[in-house]
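J.: My structure is stored as data_7.txt, with compact mmCIF, C-alpha atoms.
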# COMPACT_ATOMS: atom_id res chain seq x y z
CA MET A 127 43.81 21.66 -35.76
CA LEU A 128 42.33 18.39 -37.03
CA PRO A 129 39.77 16.86 -36.87
CA ALA A 130 37.54 19.73 -37.95
CA ASN A 131 33.97 20.35 -39.05
CA VAL A 132 33.25 23.34 -41.26
CA ILE A 133 29.99 24.75 -42.60
CA TRP A 134 30.08 27.20 -45.52
CA LYS A 135 27.33 29.30 -47.03
CA PRO A 136 28.02 30.78 -50.48
CA THR A 137 28.24 34.57 -50.79
CA THR A 138 25.79 34.38 -53.70
CA GLY A 139 23.04 31.89 -54.44
CA VAL A 140 21.42 29.34 -52.18
CA GLY A 141 23.18 26.48 -50.45
CA TYR A 142 25.41 25.11 -47.73
CA GLU A 143 28.38 22.80 -47.40
CA HIS A 144 29.23 20.62 -44.42
CA LEU A 145 32.84 19.44 -44.56
CA ARG A 146 34.54 17.04 -42.18
CA ILE A 147 38.34 16.70 -42.20
CA ARG A 148 40.48 14.37 -40.13
CA GLU A 149 44.02 12.93 -40.04
CA GLY A 150 45.03 9.30 -39.77
CA SER A 151 47.74 6.92 -40.98
CA ASN A 152 49.77 9.59 -42.83
CA ARG A 153 46.63 10.63 -44.69
CA ILE A 154 44.18 13.49 -44.46
CA HIS A 155 40.58 12.44 -45.09
CA VAL A 156 37.96 14.93 -46.30
CA ASN A 157 34.26 14.13 -46.56
CA SER A 158 31.68 16.73 -47.57
CA MET A 159 28.07 17.27 -48.56
CA VAL A 160 27.12 20.31 -50.66
CA ILE A 161 23.48 21.28 -50.98
CA GLY A 162 22.55 24.03 -53.40
CA ARG A 163 20.50 25.36 -56.27
CA LEU A 164 21.67 25.26 -59.88
CA ASP A 165 21.13 28.11 -62.34
CA ASP A 166 17.91 26.47 -63.57
CA ALA A 167 16.57 26.41 -59.93
CA THR A 168 17.08 22.64 -59.59
CA LEU A 169 18.11 21.63 -56.08
CA THR A 170 21.12 19.33 -55.91
CA ARG A 171 23.15 17.39 -53.34
CA ILE A 172 26.79 16.64 -54.10
CA GLN A 173 28.91 14.37 -51.94
CA TYR A 174 32.67 14.31 -52.32
CA GLU A 175 35.54 12.60 -50.59
CA ILE A 176 39.23 13.39 -50.90
CA VAL A 177 42.23 11.50 -49.55
CA LEU A 178 45.41 13.58 -49.25
CA ASP A 179 48.88 12.57 -48.17
CA SER A 180 50.54 14.37 -45.26
CA ASN A 181 51.86 17.06 -47.67
CA TRP A 182 48.33 17.95 -48.84
CA VAL A 183 48.81 16.20 -52.20
CA THR A 184 45.65 14.58 -53.58
CA ARG A 185 45.77 10.78 -53.76
CA GLU A 186 42.06 9.99 -54.29
CA VAL A 187 38.91 11.92 -55.16
CA SER A 188 35.31 10.68 -55.34
CA LEU A 189 32.24 12.64 -56.44
CA ALA A 190 28.58 11.68 -56.56
CA ILE A 191 25.27 13.43 -57.10
CA MET A 192 23.06 12.06 -54.34
CA GLY A 193 19.93 10.33 -55.62
CA GLU A 194 21.21 10.02 -59.19
CA GLU A 195 23.11 7.45 -61.20
CA GLY A 196 26.82 7.71 -61.78
CA ALA A 197 29.84 8.72 -59.76
CA LEU A 198 33.53 9.43 -60.24
CA HIS A 199 36.43 7.85 -58.36
CA LEU A 200 39.95 8.77 -59.47
CA SER A 201 43.33 8.00 -57.91
CA SER A 202 46.70 9.74 -58.21
CA ASP A 203 50.23 8.66 -57.45
CA GLY A 204 50.88 12.19 -56.12
CA LYS A 205 53.24 12.94 -59.04
CA GLY A 206 50.64 13.89 -61.63
CA ASN A 207 49.61 10.43 -62.88
CA TRP A 208 45.89 9.68 -62.58
CA THR A 209 43.83 6.50 -63.00
CA ASN A 210 40.09 5.82 -63.06
CA GLU A 211 38.17 3.40 -60.82
CA VAL A 212 39.39 0.36 -62.80
CA GLY A 213 43.03 1.47 -62.85
CA GLU A 214 43.17 2.81 -66.42
CA PRO A 215 45.45 5.84 -66.93
CA ILE A 216 43.87 9.26 -67.56
CA PRO A 217 46.36 11.03 -69.86
CA GLU A 218 44.36 14.29 -70.01
CA LEU A 219 45.15 14.89 -66.31
CA PHE A 220 48.89 14.16 -66.60
CA GLY A 221 50.91 16.60 -64.49
CA CYS A 222 48.05 17.68 -62.22
CA ILE A 223 48.94 17.48 -58.54
CA ASP A 224 46.02 19.53 -57.17
CA ILE A 225 42.29 19.34 -57.79
CA ASP A 226 39.51 21.92 -57.93
CA ILE A 227 35.92 20.82 -57.39
CA SER A 228 33.42 23.32 -58.80
CA CYS A 229 30.97 23.28 -55.88
CA THR A 230 33.39 23.99 -53.01
CA PRO A 231 35.93 26.61 -51.91
CA PHE A 232 37.81 23.94 -49.92
CA THR A 233 39.87 22.61 -52.84
CA ASN A 234 41.51 26.05 -53.26
CA THR A 235 43.13 25.28 -49.90
CA LEU A 236 45.18 22.42 -51.37
CA PRO A 237 47.71 24.45 -53.43
CA ILE A 238 47.75 27.11 -50.71
CA ARG A 239 48.80 24.49 -48.14
CA ARG A 240 51.15 22.62 -50.48
CA LEU A 241 53.18 25.39 -52.15
CA SER A 242 55.58 28.00 -50.72
CA TYR A 243 54.67 31.61 -51.42
CA SER A 244 56.49 34.94 -51.54
CA PRO A 245 54.24 38.03 -51.39
CA GLY A 246 53.22 39.31 -54.82
CA GLU A 247 54.78 36.41 -56.76
CA PRO A 248 52.13 34.40 -58.63
CA GLN A 249 52.38 30.62 -58.87
CA SER A 250 50.77 28.96 -61.89
CA ILE A 251 49.75 25.32 -61.64
CA GLN A 252 47.91 22.72 -63.70
CA VAL A 253 44.86 21.44 -61.85
CA ALA A 254 42.40 18.58 -62.34
CA TYR A 255 39.11 20.54 -62.45
CA PHE A 256 35.93 18.61 -61.58
CA SER A 257 32.49 19.83 -62.60
CA ALA A 258 30.49 18.41 -59.72
CA HIS A 259 27.10 18.80 -61.39
CA GLU A 260 28.18 17.08 -64.60
CA LEU A 261 30.60 14.52 -63.07
CA THR A 262 33.28 15.47 -65.59
CA TYR A 263 36.92 16.47 -65.31
CA ARG A 264 39.51 18.36 -67.35
CA GLN A 265 42.90 19.98 -66.91
CA VAL A 266 42.99 23.74 -66.34
CA GLN A 267 45.64 26.28 -65.40
CA GLN A 268 45.20 28.31 -62.22
CA GLN A 269 47.27 30.96 -60.51
CA TYR A 270 47.61 31.75 -56.80
CA THR A 271 49.31 34.87 -55.41
CA LEU A 272 49.92 35.71 -51.77
CA LEU A 273 48.64 39.29 -51.47
CA GLU A 274 48.89 39.88 -47.75
CA SER A 275 50.28 38.22 -44.65
CA ASN A 276 49.35 39.60 -41.24
CA GLY A 277 50.28 37.40 -38.28
CA GLY A 278 48.33 34.18 -38.76
CA SER A 279 46.05 35.61 -41.46
CA PHE A 280 46.77 35.41 -45.20
CA VAL A 281 44.97 36.74 -48.27
CA TYR A 282 45.50 35.02 -51.64
CA GLN A 283 44.34 35.96 -55.10
CA TYR A 284 43.04 33.12 -57.23
CA ARG A 285 42.86 33.43 -61.01
CA GLU A 286 41.70 30.92 -63.56
CA GLU A 287 42.89 30.36 -67.10
CA ARG A 288 39.90 31.89 -68.87
CA SER A 289 41.49 35.23 -69.76
CA TRP A 290 43.16 35.14 -66.33
CA ARG A 291 40.17 36.84 -64.81
CA ILE A 292 40.07 37.13 -61.05
CA SER A 293 37.61 34.67 -59.66
CA ARG A 294 38.01 35.33 -55.94
CA SER A 295 40.25 36.32 -53.09
CA ILE A 296 40.79 33.71 -50.40
CA GLN A 297 41.49 34.56 -46.79
CA VAL A 298 43.16 31.89 -44.66
CA GLY A 299 43.68 32.06 -40.93
Would you put the structure from the file into structure tokens?
T.:
Amino acid sequence: MLPANVIWKPTTGVGYEHLRIREGSNRIHVNSMVIGRLDDATLTRIQYEIVLDSNWVTREVSLAIMGEEGALHLSSDGKGNWTNEVGEPIPELFGCIDIDISCTPFTNTLPIRRLSYSPGEPQSIQVAYFSAHELTYRQVQQQYTLLESNGGSFVYQYREERSWRISRSIQVG
């Protein structure tokens, strides 16, 4: 399965993502470039890197807007404790195992790969949500439900905390 190269095009809007994922030394390394247009028609290029352990738990995440100042680099012990690039604790992300980066569907894969699911039973989790275009983060609640399993294909429902509205269905396989 790994290494893999994936290219996504959003179902709405303008843009592409090229993601590269590989395994090595009990870690899974993800590197991606997202090119797209913001609501105000500004073109943007976001680069992100994620280091996961062999159980798909986030250990490091880096985000940068290409051609602009500033970047984020956070680390996790895999148990919900986060630190910034100089090792200072980030209490507002305490308890978050998974991440969600605003500009990519890939990070929805992390809780899908990490958790066990029974059809129709939602799983609610606290997630470190990253706004890629603002280089900010906050804790949010998300919910994943396995809707359908057919051979090697699975359909999940993803809901976010804002009034628990459905944001998207995710098909894996």
J.: I'd like to know which of A:Glu274, A:Glu149, A:Asp224, A:Glu247 is closest to Ser201 of chain A, using all atoms listed in the file.
T.: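 Under the stated criterion, the closest residue is A:Asp224.
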J.: One number please: atom CA of Arg285 of chain A to atom CA of Tyr174 of chain A, in Å, one decimal.
T.: 23.3 Å
J.: Would you mind listing what lies within 10 Å of Ser188 of chain A as a PyMOL selection string, with only C-alpha atoms counted and same-chain residues fewer than 5 positions away left out?
T.: chain A and resi 157+173-177+197-201+211+261
J.: What would the file look like if the residues just selected were written as an mmCIF file, in the coordinates of the input with C-alpha atoms?
T.:
data_model
loop_
_atom_site.group_PDB
_atom_site.id
_atom_site.type_symbol
_atom_site.label_atom_id
_atom_site.label_comp_id
_atom_site.auth_asym_id
_atom_site.auth_seq_id
_atom_site.Cartn_x
_atom_site.Cartn_y
_atom_site.Cartn_z
ATOM 1 C CA ASN A 157 34.260 14.130 -46.560
ATOM 2 C CA GLN A 173 28.910 14.370 -51.940
ATOM 3 C CA TYR A 174 32.670 14.310 -52.320
ATOM 4 C CA GLU A 175 35.540 12.600 -50.590
ATOM 5 C CA ILE A 176 39.230 13.390 -50.900
ATOM 6 C CA VAL A 177 42.230 11.500 -49.550
ATOM 7 C CA ALA A 197 29.840 8.720 -59.760
ATOM 8 C CA LEU A 198 33.530 9.430 -60.240
ATOM 9 C CA HIS A 199 36.430 7.850 -58.360
ATOM 10 C CA LEU A 200 39.950 8.770 -59.470
ATOM 11 C CA SER A 201 43.330 8.000 -57.910
ATOM 12 C CA GLU A 211 38.170 3.400 -60.820
ATOM 13 C CA LEU A 261 30.600 14.520 -63.070
#
J.: Which centre and edge lengths in Å to one decimal define the box along x, y and z that fits every listed atom of segment 252-262 of chain A plus 6 Å per side, as JSON?
T.:
{"center_x": 37.5, "center_y": 18.6, "center_z": -62.7, "size_x": 32.8, "size_y": 20.2, "size_z": 17.9}
J.: Which residues are close to Met192 of chain A, i.e. within 9 Å by all atoms listed in the file, leaving aside same-chain residues fewer than 5 positions away? Reply as a list in words.
T.: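 Here the answer would be Thr170, Arg171, Ile172 and Gln173 of chain A.
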J.: Determine, counting only C-alpha atoms, every residue of protein, DNA or RNA that lies within 10 Å of (36.4, 17.4, -60.7) in the file coordinates, then give the result as a PyMOL selection string.
T.: chain A and resi 174+187-189+198-200+225-229+253-265
J.: Have a look at atom CA of Arg163 of chain A and atom CA of Arg146 of chain A and let me know their distance in Å, one decimal.
T.: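 Between these atoms lies a distance of 21.6 Å.
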